[in-house]
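Engineer: run-v1.pdb (PDB, C-alpha atoms and all ligand atoms) pasted underneath:
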MODEL        1
ATOM      1  CA  MET Q  79    -228.081  59.207 150.991  1.00  0.00           C
ATOM      2  CA  GLU Q  80    -230.214  60.270 148.037  1.00  0.00           C
ATOM      3  CA  MET Q  81    -227.470  62.556 146.675  1.00  0.00           C
ATOM      4  CA  LYS Q  82    -224.640  60.747 144.944  1.00  0.00           C
ATOM      5  CA  GLU Q  83    -221.197  61.722 143.733  1.00  0.00           C
ATOM      6  CA  GLU Q  84    -221.764  60.161 140.303  1.00  0.00           C
ATOM      7  CA  LEU Q  85    -224.751  62.480 139.846  1.00  0.00           C
ATOM      8  CA  ILE Q  86    -222.712  65.645 140.272  1.00  0.00           C
ATOM      9  CA  ALA Q  87    -221.738  66.772 136.777  1.00  0.00           C
ATOM     10  CA  VAL Q  88    -218.387  68.194 135.725  1.00  0.00           C
ATOM     11  CA  CYS Q  89    -220.033  71.635 135.435  1.00  0.00           C
ATOM     12  CA  GLY Q  90    -221.326  71.550 139.035  1.00  0.00           C
ATOM     13  CA  MET Q  91    -224.925  70.654 138.219  1.00  0.00           C
ATOM     14  CA  ASN Q  92    -226.527  68.174 140.591  1.00  0.00           C
ATOM     15  CA  CYS Q  93    -228.380  65.858 138.216  1.00  0.00           C
ATOM     16  CA  ARG Q  94    -230.332  64.316 141.128  1.00  0.00           C
ATOM     17  CA  ILE Q  95    -232.478  67.449 141.362  1.00  0.00           C
ATOM     18  CA  CYS Q  96    -232.987  67.848 137.592  1.00  0.00           C
ATOM     19  CA  VAL Q  97    -236.451  67.563 136.089  1.00  0.00           C
ATOM     20  CA  GLY Q  98    -235.038  65.186 133.457  1.00  0.00           C
ATOM     21  CA  TYR Q  99    -233.680  62.864 136.120  1.00  0.00           C
ATOM     22  CA  PHE Q 100    -237.103  62.764 137.790  1.00  0.00           C
ATOM     23  CA  GLY Q 101    -238.484  61.766 134.396  1.00  0.00           C
ATOM     24  CA  TYR Q 102    -240.717  64.778 133.740  1.00  0.00           C
ATOM     25  CA  THR Q 103    -240.882  67.704 131.338  1.00  0.00           C
ATOM     26  CA  MET Q 104    -241.099  71.295 132.558  1.00  0.00           C
ATOM     27  CA  SER Q 105    -244.825  71.268 131.848  1.00  0.00           C
ATOM     28  CA  GLY Q 106    -245.345  68.272 134.110  1.00  0.00           C
ATOM     29  CA  LYS Q 107    -245.703  65.501 131.543  1.00  0.00           C
ATOM     30  CA  LYS Q 108    -243.985  62.172 132.065  1.00  0.00           C
ATOM     31  CA  ARG Q 109    -241.011  61.769 129.692  1.00  0.00           C
ATOM     32  CA  LYS Q 110    -240.540  58.700 127.523  1.00  0.00           C
ATOM     33  CA  HIS Q 111    -236.991  58.450 128.823  1.00  0.00           C
ATOM     34  CA  THR Q 112    -235.590  59.693 132.082  1.00  0.00           C
ATOM     35  CA  CYS Q 113    -232.069  61.074 132.061  1.00  0.00           C
ATOM     36  CA  PRO Q 114    -229.633  58.951 134.077  1.00  0.00           C
ATOM     37  CA  GLY Q 115    -227.370  61.950 134.737  1.00  0.00           C
ATOM     38  CA  CYS Q 116    -224.543  63.689 132.932  1.00  0.00           C
ATOM     39  CA  ARG Q 117    -221.706  61.383 133.930  1.00  0.00           C
ATOM     40  CA  ILE Q 118    -223.690  58.354 132.893  1.00  0.00           C
ATOM     41  CA  SER Q 119    -225.265  59.719 129.711  1.00  0.00           C
ATOM     42  CA  ASP Q 120    -223.406  61.855 127.199  1.00  0.00           C
ATOM     43  CA  LYS Q 121    -226.437  62.632 125.143  1.00  0.00           C
ATOM     44  CA  ILE Q 122    -229.481  64.185 126.764  1.00  0.00           C
ATOM     45  CA  CYS Q 123    -228.315  67.501 128.181  1.00  0.00           C
ATOM     46  CA  ALA Q 124    -224.538  67.824 128.074  1.00  0.00           C
ATOM     47  CA  PHE Q 125    -224.615  71.634 127.902  1.00  0.00           C
ATOM     48  CA  VAL Q 126    -220.936  71.926 128.737  1.00  0.00           C
ATOM     49  CA  LYS Q 127    -219.755  68.777 126.989  1.00  0.00           C
ATOM     50  CA  LYS Q 128    -221.156  69.986 123.682  1.00  0.00           C
ATOM     51  CA  ARG Q 129    -219.026  73.100 123.939  1.00  0.00           C
ATOM     52  CA  CYS Q 130    -215.849  72.018 125.714  1.00  0.00           C
ATOM     53  CA  LYS Q 131    -213.441  69.330 124.531  1.00  0.00           C
ATOM     54  CA  LYS Q 132    -211.797  69.025 127.952  1.00  0.00           C
ATOM     55  CA  THR Q 133    -215.015  67.811 129.536  1.00  0.00           C
ATOM     56  CA  LEU Q 134    -215.903  65.691 126.525  1.00  0.00           C
ATOM     57  CA  LYS Q 135    -212.543  63.939 126.658  1.00  0.00           C
ATOM     58  CA  LYS Q 136    -212.796  63.661 130.459  1.00  0.00           C
ATOM     59  CA  GLU Q 137    -209.611  65.656 130.993  1.00  0.00           C
ATOM     60  CA  VAL Q 138    -211.141  67.180 134.112  1.00  0.00           C
ATOM     61  CA  ASN Q 139    -213.328  65.585 136.755  1.00  0.00           C
ATOM     62  CA  TYR Q 140    -214.746  68.969 137.820  1.00  0.00           C
ATOM     63  CA  CYS Q 141    -214.391  72.286 136.026  1.00  0.00           C
ATOM     64  CA  PHE Q 142    -212.530  73.867 138.944  1.00  0.00           C
ATOM     65  CA  GLU Q 143    -209.542  71.687 137.983  1.00  0.00           C
ATOM     66  CA  CYS Q 144    -209.310  73.583 134.699  1.00  0.00           C
ATOM     67  CA  LYS Q 145    -206.951  76.554 134.318  1.00  0.00           C
ATOM     68  CA  ASP Q 146    -209.724  78.512 132.593  1.00  0.00           C
ATOM     69  CA  PHE Q 147    -212.252  78.076 135.428  1.00  0.00           C
ATOM     70  CA  PRO Q 148    -214.705  79.762 135.421  1.00  0.00           C
ATOM     71  CA  CYS Q 149    -214.780  80.024 131.630  1.00  0.00           C
ATOM     72  CA  GLU Q 150    -217.364  81.764 129.454  1.00  0.00           C
ATOM     73  CA  ILE Q 151    -219.318  78.555 128.875  1.00  0.00           C
ATOM     74  CA  LEU Q 152    -219.696  78.005 132.603  1.00  0.00           C
ATOM     75  CA  GLU Q 153    -220.520  81.626 133.269  1.00  0.00           C
ATOM     76  CA  LYS Q 154    -223.311  81.497 130.733  1.00  0.00           C
ATOM     77  CA  LEU Q 155    -224.743  78.352 132.304  1.00  0.00           C
ATOM     78  CA  ASP Q 156    -224.347  79.816 135.764  1.00  0.00           C
ATOM     79  CA  LYS Q 157    -226.063  83.081 134.845  1.00  0.00           C
ATOM     80  CA  ASN Q 158    -228.993  81.221 133.388  1.00  0.00           C
ATOM     81  CA  TYR Q 159    -229.340  78.990 136.454  1.00  0.00           C
ATOM     82  CA  ARG Q 160    -229.046  81.855 138.895  1.00  0.00           C
ATOM     83  CA  LYS Q 161    -231.735  83.789 137.083  1.00  0.00           C
ATOM     84  CA  LYS Q 162    -234.178  80.978 136.428  1.00  0.00           C
ATOM     85  CA  TYR Q 163    -233.605  78.496 139.229  1.00  0.00           C
ATOM     86  CA  ASN Q 164    -231.893  80.383 142.039  1.00  0.00           C
ATOM     87  CA  MET Q 165    -228.912  78.078 141.844  1.00  0.00           C
ATOM     88  CA  SER Q 166    -225.250  78.571 140.924  1.00  0.00           C
ATOM     89  CA  THR Q 167    -223.176  75.845 139.332  1.00  0.00           C
ATOM     90  CA  ILE Q 168    -220.028  77.924 139.934  1.00  0.00           C
ATOM     91  CA  GLU Q 169    -220.879  78.204 143.652  1.00  0.00           C
ATOM     92  CA  ASN Q 170    -221.454  74.457 143.719  1.00  0.00           C
ATOM     93  CA  LEU Q 171    -218.016  73.872 142.202  1.00  0.00           C
ATOM     94  CA  SER Q 172    -216.330  76.315 144.564  1.00  0.00           C
ATOM     95  CA  PHE Q 173    -218.005  74.569 147.512  1.00  0.00           C
ATOM     96  CA  ILE Q 174    -216.785  71.164 146.320  1.00  0.00           C
ATOM     97  CA  LYS Q 175    -213.290  72.523 145.814  1.00  0.00           C
ATOM     98  CA  GLN Q 176    -213.184  74.049 149.278  1.00  0.00           C
ATOM     99  CA  TYR Q 177    -215.046  71.508 151.424  1.00  0.00           C
ATOM    100  CA  GLY Q 178    -215.062  68.301 149.382  1.00  0.00           C
ATOM    101  CA  ILE Q 179    -217.785  66.242 147.765  1.00  0.00           C
ATOM    102  CA  GLU Q 180    -219.130  64.597 150.950  1.00  0.00           C
ATOM    103  CA  LYS Q 181    -219.990  67.930 152.556  1.00  0.00           C
ATOM    104  CA  PHE Q 182    -221.484  69.134 149.308  1.00  0.00           C
ATOM    105  CA  LEU Q 183    -223.749  66.089 149.015  1.00  0.00           C
ATOM    106  CA  LYS Q 184    -224.870  66.568 152.610  1.00  0.00           C
ATOM    107  CA  SER Q 185    -225.658  70.236 152.015  1.00  0.00           C
ATOM    108  CA  GLN Q 186    -227.660  69.313 148.909  1.00  0.00           C
ATOM    109  CA  GLU Q 187    -229.638  66.724 150.909  1.00  0.00           C
ATOM    110  CA  GLU Q 188    -230.679  69.458 153.306  1.00  0.00           C
ATOM    111  CA  LYS Q 189    -231.300  72.128 150.696  1.00  0.00           C
ATOM    112  CA  TYR Q 190    -233.474  70.072 148.358  1.00  0.00           C
ATOM    113  CA  ARG Q 191    -235.590  68.147 150.842  1.00  0.00           C
ATOM    114  CA  CYS Q 192    -239.393  68.364 150.627  1.00  0.00           C
ATOM    115  CA  ASN Q 193    -240.792  70.013 153.742  1.00  0.00           C
ATOM    116  CA  GLU Q 194    -243.879  67.768 153.562  1.00  0.00           C
ATOM    117  CA  CYS Q 195    -242.575  64.268 152.925  1.00  0.00           C
ATOM    118  CA  GLY Q 196    -238.759  64.511 153.057  1.00  0.00           C
ATOM    119  CA  ALA Q 197    -238.175  63.363 149.461  1.00  0.00           C
ATOM    120  CA  VAL Q 198    -235.815  65.172 147.073  1.00  0.00           C
ATOM    121  CA  VAL Q 199    -237.334  68.196 145.335  1.00  0.00           C
ATOM    122  CA  CYS Q 200    -236.701  69.418 141.798  1.00  0.00           C
ATOM    123  CA  VAL Q 201    -234.647  72.572 141.219  1.00  0.00           C
ATOM    124  CA  HIS Q 202    -236.359  73.273 137.898  1.00  0.00           C
ATOM    125  CA  THR Q 203    -239.993  73.015 138.964  1.00  0.00           C
ATOM    126  CA  ASP Q 204    -239.677  73.701 142.713  1.00  0.00           C
ATOM    127  CA  GLY Q 205    -241.839  70.684 143.344  1.00  0.00           C
ATOM    128  CA  CYS Q 206    -241.879  67.264 144.954  1.00  0.00           C
ATOM    129  CA  TYR Q 207    -242.788  64.362 142.678  1.00  0.00           C
ATOM    130  CA  GLU Q 208    -243.395  62.087 145.678  1.00  0.00           C
ATOM    131  CA  CYS Q 209    -246.186  63.989 147.416  1.00  0.00           C
ATOM    132  CA  GLY Q 210    -247.085  66.744 144.938  1.00  0.00           C
ATOM    133  CA  ASN Q 211    -245.985  69.553 147.244  1.00  0.00           C
ATOM    134  CA  VAL Q 212    -245.205  72.596 145.054  1.00  0.00           C
ATOM    135  CA  GLY Q 213    -243.605  75.994 145.439  1.00  0.00           C
ATOM    136  CA  ILE Q 214    -240.925  74.784 147.830  1.00  0.00           C
TER     137      ILE Q 214
HETATM  138  S1  LIG Q 301    -230.777  66.550 131.642  1.00  0.00           S
HETATM  139 FE1  LIG Q 301    -228.693  67.307 132.082  1.00  0.00          FE
HETATM  140  S2  LIG Q 301    -228.769  68.185 134.159  1.00  0.00           S
HETATM  141 FE2  LIG Q 301    -230.577  66.865 133.848  1.00  0.00          FE
HETATM  142  S3  LIG Q 301    -230.024  64.862 134.694  1.00  0.00           S
HETATM  143 FE3  LIG Q 301    -229.605  64.847 132.485  1.00  0.00          FE
HETATM  144  S4  LIG Q 301    -227.460  65.450 132.272  1.00  0.00           S
HETATM  145 FE4  LIG Q 301    -228.112  66.040 134.351  1.00  0.00          FE
HETATM  146  S1  LIG Q 302    -213.946  75.472 133.045  1.00  0.00           S
HETATM  147 FE1  LIG Q 302    -212.529  74.446 131.648  1.00  0.00          FE
HETATM  148  S2  LIG Q 302    -213.241  72.309 131.589  1.00  0.00           S
HETATM  149 FE2  LIG Q 302    -214.936  73.527 132.408  1.00  0.00          FE
HETATM  150  S3  LIG Q 302    -216.219  74.049 130.628  1.00  0.00           S
HETATM  151 FE3  LIG Q 302    -214.746  75.730 130.974  1.00  0.00          FE
HETATM  152  S4  LIG Q 302    -213.005  75.299 129.611  1.00  0.00           S
HETATM  153 FE4  LIG Q 302    -214.212  73.384 129.866  1.00  0.00          FE
HETATM  154 ZN    ZN Q 303    -242.871  65.717 149.164  1.00  0.00          ZN
ENDMDL
END
Please lay out the structure from this file as structure tokens.

Structural biologist:
Amino acid sequence: MEMKEELIAVCGMNCRICVGYFGYTMSGKKRKHTCPGCRISDKICAFVKKRCKKTLKKEVNYCFECKDFPCEILEKLDKNYRKKYNMSTIENLSFIKQYGIEKFLKSQEEKYRCNECGAVVCVHTDGCYECGNVGI
């Protein structure tokens, strides 16, 4: 499977479909450094970790384990993602909580598969970096 548990961030973001993980910028340029994913790197994005000590100190594995879920930080992130990228980190977390990580990874495999070549597509640019298919 292309989707991996270690690439699902505490906040519900799937780093596998992130433009930074693919190694590109939003404008299509190749980055000097690709992002290895939130759980592996604490530095590149870390939207939630910068703002929440519980995630920084690894007190929760996923935000739904927190008594404050969904907190203001998450709601802000979620709103932004819904608006810009048609994706909800809170829905992702609720799905994981209800059905488990394996089912979530499987659903992500189906949802973010290029209809031309079958590779993983990017949630930020709606494109496939394998075959160049865009507007998926
Ligand atoms: S930039 Fe953020 S969302 Fe993207 S892969 Fe890195 S940690 Fe994950
Ligand atoms: S839900 Fe809890 S752990 Fe997650 S960002 Fe909010 S306060 Fe932090
Ligand atoms: Zn493709």

Engineer: Near region 126-143 of chain Q, counting all atoms listed in the file, which residues have an atom at most 7 Å away, once you skip same-chain residues fewer than 3 positions from it, shown as JSON, numbers by chain?

Structural biologist: {"Q": [88, 89, 147, 151, 171]}

Engineer: So that all listed atoms of ligand LIG 302 (chain Q) fit with 5 Å spare on each side, what axis-aligned box centre and edge lengths in Å, to one decimal, would you give as lines of an AutoDock Vina configuration file?

Structural biologist:
center_x = -214.4
center_y = 74.0
center_z = 131.3
size_x = 13.7
size_y = 13.4
size_z = 13.4

Engineer: Can you spell out as a tab-separated table (two decimals) with C-alpha atoms, keeping the file's coordinate frame the set of residues that the PyMOL selection byres (((not hetatm)) within 7 of (chain Q and resi 301)) selects in the structure I just provided?

Structural biologist:
chain	number	residue	atom	x	y	z
Q	87	ALA	CA	-221.74	66.77	136.78
Q	91	MET	CA	-224.92	70.65	138.22
Q	92	ASN	CA	-226.53	68.17	140.59
Q	93	CYS	CA	-228.38	65.86	138.22
Q	94	ARG	CA	-230.33	64.32	141.13
Q	96	CYS	CA	-232.99	67.85	137.59
Q	97	VAL	CA	-236.45	67.56	136.09
Q	98	GLY	CA	-235.04	65.19	133.46
Q	99	TYR	CA	-233.68	62.86	136.12
Q	113	CYS	CA	-232.07	61.07	132.06
Q	114	PRO	CA	-229.63	58.95	134.08
Q	115	GLY	CA	-227.37	61.95	134.74
Q	116	CYS	CA	-224.54	63.69	132.93
Q	119	SER	CA	-225.26	59.72	129.71
Q	122	ILE	CA	-229.48	64.18	126.76
Q	123	CYS	CA	-228.32	67.50	128.18
Q	124	ALA	CA	-224.54	67.82	128.07

Engineer: Return as a PyMOL selection string the set of residues that the PyMOL selection byres (((not hetatm)) within 9 of (chain Q and resi 303)) yields on the displayed structure.

Structural biologist: chain Q and resi 191-199+205-212

Engineer: Any idea what the distance is between CA of Met104 (chain Q) and CA of Lys162 (chain Q)?

Structural biologist: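 Taking CA of Met104 (chain Q) as the start and CA of Lys162 (chain Q) as the end point, the length is 12.5 Å.
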
Engineer: Could you jot down the CA of Gln186 (chain Q) to CA of Arg117 (chain Q) separation for me, Å, one decimal place?

Structural biologist: 18.0 Å

Engineer: Take CA of Cys200 (chain Q) and CA of Glu80 (chain Q) and report the distance between them in Å, one decimal.

Structural biologist: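 Atom-to-atom, CA of Cys200 (chain Q) to CA of Glu80 (chain Q), that is 12.8 Å.
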
Engineer: Measuring between only C-alpha atoms and all ligand atoms, which one of Q:Pro148, Q:Gly178, Q:Gly90, Q:Gly213 shows the shortest distance to ligand LIG 302 (chain Q)?

Structural biologist: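 Under the stated criterion, the closest residue is Q:Pro148.
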
Engineer: Go through Q:Glu180, Q:Glu187, Q:Asp146, Q:Glu83 one by one, measure the shortest atom-to-atom distance of each to ligand LIG 302 (chain Q) using all atoms listed in the file, and give the residue with the smallest value.

Structural biologist: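 Under the stated criterion, the closest residue is Q:Asp146.
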
Engineer: Determine the residue set returned by the PyMOL selection byres (((chain Q and resi 159) around 12) and not hetatm) for the present structure, and present it as number ranges by chain.

Structural biologist: Q: 89-92, 96, 152-158, 160-170, 201-202

Engineer: For a quick check of understanding, using all atoms listed in the file, which of Q:Thr203, Q:Ser185, Q:Ser172, Q:Thr112 has the smallest distance to ligand LIG 302 (chain Q)?

Structural biologist: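 Under the stated criterion, the closest residue is Q:Ser172.
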